[in-house]
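S.K.: Got a file for you: target.csv, CSV, C-alpha atoms.
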chain,number,residue,atom,x,y,z
A,1,MET,CA,0.0,0.0,0.0
A,2,LYS,CA,1.0,3.6,-0.4
A,3,ALA,CA,2.3,5.4,2.6
A,4,ILE,CA,4.5,8.4,3.5
A,5,ILE,CA,7.2,7.8,6.0
A,6,LEU,CA,9.3,10.2,8.0
A,7,GLN,CA,12.9,9.3,7.4
A,8,ALA,CA,14.4,11.6,10.0
A,9,PRO,CA,13.3,14.7,11.9
A,10,GLY,CA,13.6,17.8,9.7
A,11,ASP,CA,12.0,19.7,6.8
A,12,VAL,CA,9.4,18.4,4.4
A,13,ASN,CA,12.0,16.6,2.4
A,14,GLN,CA,12.1,14.0,5.1
A,15,LEU,CA,8.6,13.0,4.1
A,16,ARG,CA,9.1,10.2,1.6
A,17,PRO,CA,6.6,8.0,-0.3
A,18,ALA,CA,6.9,4.3,0.3
A,19,ASP,CA,5.2,1.0,-0.6
A,20,ILE,CA,4.7,-1.0,2.6
A,21,THR,CA,2.6,-4.0,3.7
A,22,VAL,CA,-1.1,-3.5,4.6
A,23,PRO,CA,-1.3,-3.6,8.4
A,24,GLU,CA,-2.7,-6.8,10.1
A,25,LEU,CA,-5.6,-6.3,12.4
A,26,GLN,CA,-5.4,-6.8,16.2
A,27,ALA,CA,-8.4,-7.7,18.3
A,28,GLY,CA,-11.0,-4.8,18.3
A,29,GLU,CA,-9.5,-3.1,15.3
A,30,VAL,CA,-10.9,-2.3,11.8
A,31,LEU,CA,-9.0,-1.8,8.6
A,32,VAL,CA,-9.9,1.5,7.1
A,33,LYS,CA,-9.3,2.4,3.5
A,34,VAL,CA,-8.5,6.1,3.9
A,35,LYS,CA,-10.2,8.7,1.8
A,36,ALA,CA,-9.0,11.8,3.6
A,37,ILE,CA,-6.4,12.9,6.2
A,38,SER,CA,-6.4,16.0,8.3
A,39,ILE,CA,-3.0,17.8,8.9
A,40,ASN,CA,-2.5,19.5,12.2
A,41,PRO,CA,0.2,21.7,13.8
A,42,VAL,CA,1.3,18.7,15.9
A,43,ASP,CA,2.1,16.8,12.6
A,44,VAL,CA,4.3,19.7,11.5
A,45,LYS,CA,6.0,19.9,14.9
A,46,SER,CA,6.6,16.2,15.1
A,47,ARG,CA,8.0,16.1,11.6
A,48,ALA,CA,10.5,18.7,12.7
A,49,GLY,CA,11.6,16.7,15.7
A,50,LYS,CA,9.4,18.4,18.3
A,51,GLY,CA,5.8,17.7,19.2
A,52,LEU,CA,5.4,14.0,19.6
A,53,TYR,CA,8.6,13.0,17.9
A,54,GLY,CA,10.2,12.0,21.2
A,55,ARG,CA,7.4,9.4,21.7
A,56,LEU,CA,7.6,8.1,18.1
A,57,LYS,CA,11.3,8.2,17.2
A,58,ASP,CA,11.9,4.5,17.7
A,59,GLN,CA,9.0,3.4,15.5
A,60,ARG,CA,10.0,1.8,12.1
A,61,PRO,CA,8.7,2.8,9.8
A,62,LEU,CA,7.6,6.1,11.4
A,63,ILE,CA,4.3,7.2,9.8
A,64,LEU,CA,2.9,10.5,11.0
A,65,GLY,CA,-0.8,11.5,11.2
A,66,TRP,CA,-3.8,10.7,13.3
A,67,ASP,CA,-6.9,12.1,11.6
A,68,ILE,CA,-8.7,9.9,9.1
A,69,SER,CA,-12.0,9.4,7.3
A,70,GLY,CA,-12.6,6.4,5.1
A,71,GLU,CA,-14.4,3.0,4.6
A,72,VAL,CA,-14.1,-0.2,6.7
A,73,LYS,CA,-12.6,-3.0,4.5
A,74,GLN,CA,-12.0,-5.6,7.3
A,75,SER,CA,-13.5,-5.7,10.7
A,76,GLY,CA,-12.3,-7.3,13.9
A,77,SER,CA,-15.0,-5.6,15.9
A,78,ASP,CA,-18.8,-5.9,16.0
A,79,ARG,CA,-18.9,-2.1,16.3
A,80,PHE,CA,-18.5,-1.5,12.6
A,81,ALA,CA,-19.4,-3.7,9.6
A,82,VAL,CA,-17.4,-3.9,6.4
A,83,GLY,CA,-18.5,-1.1,4.2
A,84,ALA,CA,-19.2,1.4,7.0
A,85,GLU,CA,-17.9,4.9,6.5
A,86,VAL,CA,-16.1,6.0,9.6
A,87,PHE,CA,-13.9,8.8,10.9
A,88,GLY,CA,-11.7,9.5,14.0
A,89,MET,CA,-8.4,10.4,15.5
A,90,VAL,CA,-6.3,7.2,15.8
A,91,ASN,CA,-4.1,6.3,18.7
A,92,PHE,CA,-3.3,9.8,19.7
A,93,PRO,CA,-0.8,10.6,21.3
A,94,GLY,CA,0.7,7.4,20.1
A,95,HIS,CA,1.6,6.0,16.7
A,96,GLY,CA,-1.4,6.8,14.5
A,97,LYS,CA,0.1,5.8,11.1
A,98,ALA,CA,-2.5,7.9,9.3
A,99,TYR,CA,-0.4,8.9,6.3
A,100,ALA,CA,-1.2,5.7,4.5
A,101,GLU,CA,-3.7,4.1,2.1
A,102,PHE,CA,-4.9,1.7,4.8
A,103,VAL,CA,-4.9,2.3,8.6
A,104,ALA,CA,-5.6,-0.3,11.3
A,105,ALA,CA,-7.7,1.6,13.9
A,106,PRO,CA,-9.2,0.6,17.2
A,107,ALA,CA,-12.9,0.6,16.6
A,108,GLY,CA,-13.5,2.3,19.9
A,109,GLN,CA,-11.8,5.4,18.6
A,110,LEU,CA,-14.0,5.9,15.6
A,111,ALA,CA,-17.5,7.0,14.8
A,112,LEU,CA,-19.8,6.6,11.8
A,113,LYS,CA,-19.4,9.4,9.3
A,114,PRO,CA,-22.6,11.3,8.8
A,115,ALA,CA,-23.9,10.9,5.3
A,116,THR,CA,-24.5,14.6,5.1
A,117,ILE,CA,-20.7,15.5,5.2
A,118,SER,CA,-17.8,14.6,2.9
A,119,HIS,CA,-14.8,12.6,3.9
A,120,GLU,CA,-12.7,15.8,3.7
A,121,GLU,CA,-15.1,17.5,6.2
A,122,ALA,CA,-15.1,14.4,8.4
A,123,ALA,CA,-11.3,14.1,8.5
A,124,ALA,CA,-11.1,17.8,9.4
A,125,ALA,CA,-13.4,17.3,12.4
A,126,THR,CA,-11.2,14.9,14.4
A,127,LEU,CA,-8.2,16.1,16.4
A,128,ALA,CA,-9.1,19.7,16.3
A,129,ALA,CA,-12.8,19.2,17.0
A,130,LEU,CA,-12.1,16.6,19.7
A,131,THR,CA,-9.7,19.0,21.4
A,132,ALA,CA,-12.3,21.7,21.5
A,133,TRP,CA,-15.0,19.3,22.7
A,134,GLN,CA,-13.0,17.7,25.5
A,135,ILE,CA,-11.8,21.1,26.8
A,136,ILE,CA,-15.0,23.0,26.6
A,137,VAL,CA,-17.5,20.2,27.5
A,138,GLN,CA,-15.5,18.0,29.8
A,139,ARG,CA,-12.5,19.9,31.2
A,140,ALA,CA,-14.1,23.3,31.7
A,141,ASN,CA,-17.7,22.2,31.9
A,142,VAL,CA,-18.9,25.4,30.1
A,143,ARG,CA,-22.5,26.2,30.9
A,144,ALA,CA,-25.1,28.6,29.4
A,145,GLY,CA,-24.6,32.2,30.3
A,146,GLN,CA,-20.8,31.9,30.9
A,147,SER,CA,-18.3,34.0,29.0
A,148,VAL,CA,-15.8,32.3,26.8
A,149,LEU,CA,-12.7,33.7,25.0
A,150,ILE,CA,-11.3,31.6,22.1
A,151,GLN,CA,-7.8,32.7,21.1
A,152,SER,CA,-7.1,32.3,17.3
A,153,ALA,CA,-10.8,31.6,16.7
A,154,ALA,CA,-10.3,31.2,12.9
A,155,GLY,CA,-7.9,28.3,13.3
A,156,GLY,CA,-8.4,24.6,13.4
A,157,VAL,CA,-9.3,24.1,17.1
A,158,GLY,CA,-10.5,27.7,17.4
A,159,HIS,CA,-13.3,27.5,14.8
A,160,PHE,CA,-14.7,24.3,16.3
A,161,ALA,CA,-14.4,25.8,19.8
A,162,VAL,CA,-16.5,28.9,18.9
A,163,GLN,CA,-19.3,26.7,17.5
A,164,ILE,CA,-19.3,24.2,20.5
A,165,ALA,CA,-19.2,27.0,23.1
A,166,LYS,CA,-22.0,28.8,21.3
A,167,HIS,CA,-24.1,25.6,21.1
A,168,LEU,CA,-23.8,25.3,24.9
A,169,GLY,CA,-25.2,28.8,25.4
A,170,ALA,CA,-22.1,30.6,26.3
A,171,HIS,CA,-21.3,34.2,25.3
A,172,VAL,CA,-18.4,33.7,22.9
A,173,THR,CA,-15.6,36.2,22.0
A,174,GLY,CA,-13.0,35.2,19.4
A,175,THR,CA,-9.7,36.7,18.5
A,176,ALA,CA,-8.3,36.8,15.0
A,177,SER,CA,-6.7,39.1,12.5
A,178,LEU,CA,-8.9,41.8,11.0
A,179,LYS,CA,-9.2,39.9,7.7
A,180,ASN,CA,-10.8,37.0,9.5
A,181,LYS,CA,-13.3,39.0,11.6
A,182,GLY,CA,-16.2,38.2,9.3
A,183,PHE,CA,-15.4,34.4,9.4
A,184,VAL,CA,-15.3,34.4,13.2
A,185,LEU,CA,-18.6,36.2,13.5
A,186,GLU,CA,-20.2,33.9,11.0
A,187,LEU,CA,-19.1,31.0,13.1
A,188,GLY,CA,-21.5,32.4,15.8
A,189,ALA,CA,-19.1,34.4,18.0
A,190,ASP,CA,-20.9,37.2,19.8
A,191,ALA,CA,-17.8,39.5,19.8
A,192,TYR,CA,-14.5,39.8,18.0
A,193,ILE,CA,-11.1,41.1,19.2
A,194,ASP,CA,-8.3,42.0,16.8
A,195,TYR,CA,-5.3,40.4,18.5
A,196,THR,CA,-2.9,42.7,16.6
A,197,ALA,CA,-4.3,45.8,18.2
A,198,VAL,CA,-5.6,45.1,21.7
A,199,ASP,CA,-4.8,46.3,25.2
A,200,TRP,CA,-5.6,43.2,27.2
A,201,HIS,CA,-5.7,45.2,30.5
A,202,SER,CA,-8.6,47.2,29.1
A,203,TYR,CA,-10.8,44.1,29.1
A,204,GLY,CA,-10.3,43.2,32.8
A,205,ASP,CA,-10.9,39.7,34.1
A,206,GLN,CA,-14.2,39.0,32.4
A,207,PHE,CA,-14.0,35.4,31.0
A,208,ASP,CA,-15.0,32.2,32.7
A,209,LEU,CA,-12.9,30.2,30.2
A,210,VAL,CA,-10.1,31.3,28.0
A,211,LEU,CA,-8.9,28.7,25.5
A,212,ASP,CA,-5.4,29.7,24.3
A,213,THR,CA,-4.4,28.0,21.0
A,214,ILE,CA,-1.4,30.3,20.4
A,215,GLY,CA,1.0,29.8,23.3
A,216,GLY,CA,4.0,31.8,24.2
A,217,GLN,CA,3.3,35.3,25.5
A,218,ASN,CA,-0.3,34.9,24.7
A,219,VAL,CA,-0.7,32.7,27.8
A,220,ASP,CA,0.1,35.8,29.9
A,221,HIS,CA,-2.4,37.9,27.9
A,222,SER,CA,-5.0,35.1,28.5
A,223,LEU,CA,-4.4,35.1,32.2
A,224,ILE,CA,-5.1,38.9,32.4
A,225,VAL,CA,-8.6,38.5,31.2
A,226,THR,CA,-9.6,35.2,33.0
A,227,LYS,CA,-11.9,35.7,36.0
A,228,PRO,CA,-10.9,34.6,39.5
A,229,GLY,CA,-12.4,31.1,39.8
A,230,GLY,CA,-12.2,30.8,36.0
A,231,THR,CA,-10.3,28.4,33.8
A,232,LEU,CA,-7.3,29.0,31.4
A,233,ILE,CA,-6.3,26.2,29.1
A,234,SER,CA,-3.3,26.5,26.8
A,235,ILE,CA,-2.7,23.7,24.3
A,236,PRO,CA,0.4,24.7,22.2
A,237,THR,CA,3.1,25.4,24.8
A,238,GLY,CA,1.4,24.6,28.1
A,239,VAL,CA,1.5,26.8,31.2
A,240,GLY,CA,4.9,27.7,32.7
A,241,THR,CA,5.8,27.9,36.3
A,242,ASP,CA,5.5,31.7,36.4
A,243,VAL,CA,2.0,31.7,34.9
A,244,THR,CA,1.0,28.8,37.2
A,245,GLU,CA,2.0,30.8,40.3
A,246,ARG,CA,0.2,33.9,39.2
A,247,ALA,CA,-2.9,31.9,38.2
A,248,LYS,CA,-2.9,30.3,41.7
A,249,ALA,CA,-2.8,33.7,43.3
A,250,LYS,CA,-5.7,34.8,41.2
A,251,LYS,CA,-7.6,31.6,41.9
A,252,VAL,CA,-7.5,30.7,38.2
A,253,ASP,CA,-7.4,27.0,37.1
A,254,ALA,CA,-4.5,27.2,34.6
A,255,ALA,CA,-3.4,24.1,32.8
A,256,PHE,CA,-2.2,22.4,29.7
A,257,TYR,CA,-4.5,19.9,27.9
A,258,LEU,CA,-3.6,17.1,25.6
A,259,VAL,CA,-6.5,15.6,23.6
A,260,GLN,CA,-7.1,11.8,23.7
A,261,SER,CA,-8.6,9.5,21.2
A,262,ASN,CA,-12.2,8.7,22.1
A,263,GLY,CA,-15.0,7.1,20.0
A,264,GLN,CA,-17.8,8.3,22.3
A,265,ASP,CA,-16.7,11.9,21.9
A,266,MET,CA,-16.4,11.4,18.1
A,267,THR,CA,-20.0,10.1,18.0
A,268,ALA,CA,-21.2,13.1,19.9
A,269,LEU,CA,-19.4,15.4,17.4
A,270,ALA,CA,-20.8,13.3,14.5
A,271,GLU,CA,-24.4,13.9,15.8
A,272,LEU,CA,-23.9,17.6,16.0
A,273,MET,CA,-22.4,17.7,12.5
A,274,GLU,CA,-25.3,15.6,11.1
A,275,GLN,CA,-27.6,18.2,12.6
A,276,GLY,CA,-25.7,21.1,11.1
A,277,VAL,CA,-24.8,22.5,14.6
A,278,ILE,CA,-21.1,22.2,13.9
A,279,LYS,CA,-19.4,22.6,10.5
A,280,ALA,CA,-15.8,21.9,9.5
A,281,HIS,CA,-14.2,24.6,7.4
A,282,VAL,CA,-11.8,23.1,5.0
A,283,SER,CA,-9.7,25.8,3.5
A,284,ALA,CA,-7.4,23.7,1.3
A,285,VAL,CA,-7.3,20.1,0.0
A,286,TYR,CA,-4.1,18.5,-1.4
A,287,PRO,CA,-3.6,15.2,-3.1
A,288,PHE,CA,-1.6,12.5,-1.2
A,289,ASP,CA,1.5,13.0,-3.2
A,290,GLU,CA,1.6,16.7,-2.2
A,291,MET,CA,1.8,16.0,1.5
A,292,ALA,CA,4.9,18.3,1.7
A,293,ALA,CA,2.8,21.2,0.4
A,294,ALA,CA,0.1,20.5,3.0
A,295,HIS,CA,2.7,20.6,5.7
A,296,LEU,CA,4.1,23.9,4.5
A,297,GLN,CA,0.7,25.5,4.5
A,298,VAL,CA,0.0,24.4,8.1
A,299,GLU,CA,3.5,25.6,9.0
A,300,THR,CA,2.6,29.1,8.1
A,301,GLY,CA,0.3,29.3,11.2
A,302,LYS,CA,-2.2,31.3,9.1
A,303,THR,CA,-4.6,28.6,8.0
A,304,VAL,CA,-8.2,29.4,8.3
A,305,GLY,CA,-10.0,26.2,9.5
A,306,LYS,CA,-8.3,23.0,8.4
A,307,VAL,CA,-6.0,21.6,5.7
A,308,VAL,CA,-6.9,18.1,4.4
A,309,VAL,CA,-5.1,15.6,2.2
A,310,ARG,CA,-7.2,13.5,-0.2
A,311,LEU,CA,-6.4,9.9,-1.3
Could you write out this structure as structure tokens?
M.R.:
Amino acid sequence: MKAIILQAPGDVNQLRPADITVPELQAGEVLVKVKAISINPVDVKSRAGKGLYGRLKDQRPLILGWDISGEVKQSGSDRFAVGAEVFGMVNFPGHGKAYAEFVAAPAGQLALKPATISHEEAAAATLAALTAWQIIVQRANVRAGQSVLIQSAAGGVGHFAVQIAKHLGAHVTGTASLKNKGFVLELGADAYIDYTAVDWHSYGDQFDLVLDTIGGQNVDHSLIVTKPGGTLISIPTGVGTDVTERAKAKKVDAAFYLVQSNGQDMTALAELMEQGVIKAHVSAVYPFDEMAAAHLQVETGKTVGKVVVRL
């Protein structure tokens, strides 16, 4: 089968096409013929030797990727029959092996793809959508009437987070560049902040939840506007010791969050997508043999919504 392997950490030239054996199923797994793959910042970081590379470096062959949508061709589980169209995030944060024509995936990590969405849209609504779902619904337990700030609301995680928080009845504010203001408001955000021209101290501590998808100095900015008793979650770089101490003094729950593969959560997202409550915005689709170009686009940090690779 066709696959793309990572020869060594580095630039996109380390992503090389290969012809490898179709994986054998373990108990509880299904063999998925992949139709679409979503590319995430963690893919790019791991390719470069950061991200999850440390966990995966001894795998041979090392195949990046976690987000898939496709058709079940063999089944070792009574959860899905052969022919079922499924999608999900596979074995995250382990070895997902998604950059391949066929993927052996634990059935418990997948959901049925709604007939109303494409494989490209389904693949896009995996790691990013799960991250937003698990943080907003489970970790922060956002409730109607609360105030939520989504940093980088036009991005992969951000654009799902806006929709999920709004669905729960929160008052949602999203940050983005001025050119993406319209997109953020169309997602359902109640208010918009231009992150390139903002005095964070002028907002005061007004948000029950701040979801930071940018990292770095933006974690400090996020803490400024989080209410005492509120929650600050940062997913790219985590929360350093200094921020942790200041958050504790302010009685803010500040933490890093790492998404986990979960079929029940995928099913909940699938139901909302089928109802049209949540939509995946796919800004670019690349063919499988242009995986390097897909990585370079994600690496810009300027992608609106998601980048997908089609097989």
S.K.: Take atom CA of A:Pro106 and atom CA of A:Gln260 and report the distance between them in Å, one decimal.
M.R.: 13.1 Å
S.K.: Can you list every residue of stretch 106-158 of chain A that has an atom at most 9 Å from stretch 167-187 of chain A, with its nearest atom pair and the distance in Å to one decimal, using only C-alpha atoms, ordered by chain then number, as a tab-separated table?
M.R.:
residue	atom	partner	partner_atom	distance
A:Val137	CA	A:Leu168	CA	8.5
A:Val142	CA	A:Leu168	CA	7.1
A:Arg143	CA	A:Leu168	CA	6.2
A:Ala144	CA	A:Gly169	CA	4.0
A:Gly145	CA	A:Ala170	CA	5.0
A:Gln146	CA	A:Ala170	CA	5.0
A:Ser147	CA	A:His171	CA	4.8
A:Val148	CA	A:Val172	CA	4.9
A:Leu149	CA	A:Thr173	CA	4.9
A:Ile150	CA	A:Gly174	CA	4.8
A:Gln151	CA	A:Thr175	CA	5.1
A:Ser152	CA	A:Ala176	CA	5.2
A:Ala153	CA	A:Gly174	CA	5.0
A:Ala154	CA	A:Val184	CA	5.9
A:Gly155	CA	A:Ala176	CA	8.7
A:Gly158	CA	A:Gly174	CA	8.2
S.K.: Within 8 Å of (4.3, 22.2, 18.0) (coordinates as in the file), grab all the protein and nucleic acid residues, counting all atoms listed in the file, and write them out as an NGL selection string.
M.R.: :A and (41-46 or 50-51 or 236-237)
S.K.: Near A:Arg55, within 9 Å and counting all atoms listed in the file, which residues show up once chain neighbours fewer than 3 positions away are dropped, as a PyMOL selection string?
M.R.: chain A and resi 51-52+58-59+93-95
S.K.: Write the residues of the preceding selection, restricted to C-alpha atoms, as a JSON list (two decimals), in the coordinates of the input.
M.R.:
[["chain", "number", "residue", "atom", "x", "y", "z"],
["A", 51, "GLY", "CA", 5.80, 17.70, 19.20],
["A", 52, "LEU", "CA", 5.40, 14.00, 19.60],
["A", 58, "ASP", "CA", 11.90, 4.50, 17.70],
["A", 59, "GLN", "CA", 9.00, 3.40, 15.50],
["A", 93, "PRO", "CA", -0.80, 10.60, 21.30],
["A", 94, "GLY", "CA", 0.70, 7.40, 20.10],
["A", 95, "HIS", "CA", 1.60, 6.00, 16.70]]
S.K.: Can you work out which one of A:Ala84, A:Val259, A:Ala123, A:Ala254 has the shortest atom-to-atom distance to A:His281, counting only C-alpha atoms?
M.R.: A:Ala123
S.K.: Show me, as an mmCIF file with C-alpha atoms, in the coordinates of the input, the residues that have an atom within 9 Å of A:Lys279 when counting all atoms listed in the file, minus same-chain residues fewer than 6 positions from it.
M.R.:
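Resulting contents of around-v6.cif:
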data_model
loop_
_atom_site.group_PDB
_atom_site.id
_atom_site.type_symbol
_atom_site.label_atom_id
_atom_site.label_comp_id
_atom_site.auth_asym_id
_atom_site.auth_seq_id
_atom_site.Cartn_x
_atom_site.Cartn_y
_atom_site.Cartn_z
ATOM 1 C CA ILE A 117 -20.700 15.500 5.200
ATOM 2 C CA GLU A 121 -15.100 17.500 6.200
ATOM 3 C CA ALA A 125 -13.400 17.300 12.400
ATOM 4 C CA HIS A 159 -13.300 27.500 14.800
ATOM 5 C CA PHE A 160 -14.700 24.300 16.300
ATOM 6 C CA GLN A 163 -19.300 26.700 17.500
ATOM 7 C CA LEU A 187 -19.100 31.000 13.100
ATOM 8 C CA LEU A 272 -23.900 17.600 16.000
ATOM 9 C CA MET A 273 -22.400 17.700 12.500
#
S.K.: Please, what distance in Å, to one decimal, runs between atom CA of A:Gln14 and atom CA of A:Leu62?
M.R.: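 Result for atom CA of A:Gln14 versus atom CA of A:Leu62: 11.1 Å, one decimal.
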S.K.: Counting only C-alpha atoms, what is within 10 Å of A:Ser283, bar same-chain residues fewer than 5 positions away, as a PyMOL selection string?
M.R.: chain A and resi 303-308
S.K.: Keeping C-alpha atoms, export the residues of the selection given above as a tab-separated table (two decimals), keeping the file's coordinate frame.
M.R.:
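Final output, selection_7.tsv:
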chain	number	residue	atom	x	y	z
A	303	THR	CA	-4.60	28.60	8.00
A	304	VAL	CA	-8.20	29.40	8.30
A	305	GLY	CA	-10.00	26.20	9.50
A	306	LYS	CA	-8.30	23.00	8.40
A	307	VAL	CA	-6.00	21.60	5.70
A	308	VAL	CA	-6.90	18.10	4.40
S.K.: Using Å and a single decimal, report how far atom CA of A:Val252 sits from atom CA of A:Lys227.
M.R.: 7.0 Å
S.K.: From the options A:Thr226, A:Asn218, A:Glu24, A:Ala249, which residue's atoms come nearest to A:Tyr203, counting only C-alpha atoms?
M.R.: A:Thr226
S.K.: Can you list, as a list in words, every protein, DNA or RNA residue that comes within 8 Å of A:Ile37 when you count all atoms listed in the file, leaving out same-chain residues fewer than 3 positions away?
M.R.: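 Here the answer would be Val34, Gly65, Trp66, Asp67, Ile68, Ser69, Ala98, Tyr99, Glu120, Ala123, Ala124, Val308, Val309 and Arg310 of chain A.
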S.K.: What lies within 7 Å of stretch 129-134 of chain A using all atoms listed in the file, ignoring chain neighbours under 5 positions off, as a ChimeraX atom specification?
M.R.: /A:139,157,160-161,164,259,265-266
S.K.: Pick out the closest residue to A:Ala270 from this set: A:Gly188, A:Gly156, A:Gly301, A:Pro114. Count all atoms listed in the file.
M.R.: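 Among the listed residues, the smallest separation from A:Ala270 belongs to A:Pro114.
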S.K.: Taking into account all atoms listed in the file, which residue in the set A:Gly216, A:Gly10, A:Gly96, A:Gly28 is nearest to A:Gln74?
M.R.: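 Nearest to A:Gln74: A:Gly28.
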S.K.: Given the choices A:Ala247, A:Ile224, A:Ala140, A:Leu112, which gets closest to A:Asp199 if the distance is worked out from only C-alpha atoms?
M.R.: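 Checking each candidate against A:Asp199, we get A:Ile224 as the closest.
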S.K.: Step by step, gather every atom of stretch 103-107 of chain A that the file lists, find the box along x, y and z that holds them, add 6 Å on each side, and finally give centre and edge lengths in Å to one decimal, as AutoDock Vina command-line options.
M.R.:
--center_x -8.9 --center_y 1.0 --center_z 12.9 --size_x 20.0 --size_y 14.6 --size_z 20.6
S.K.: For a quick check of understanding, using all atoms listed in the file, which of A:Leu211, A:Val162, A:Ala255, A:Ala268 has the smallest distance to A:Gly88?
M.R.: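 For A:Gly88, the nearest of the given residues is A:Ala268.
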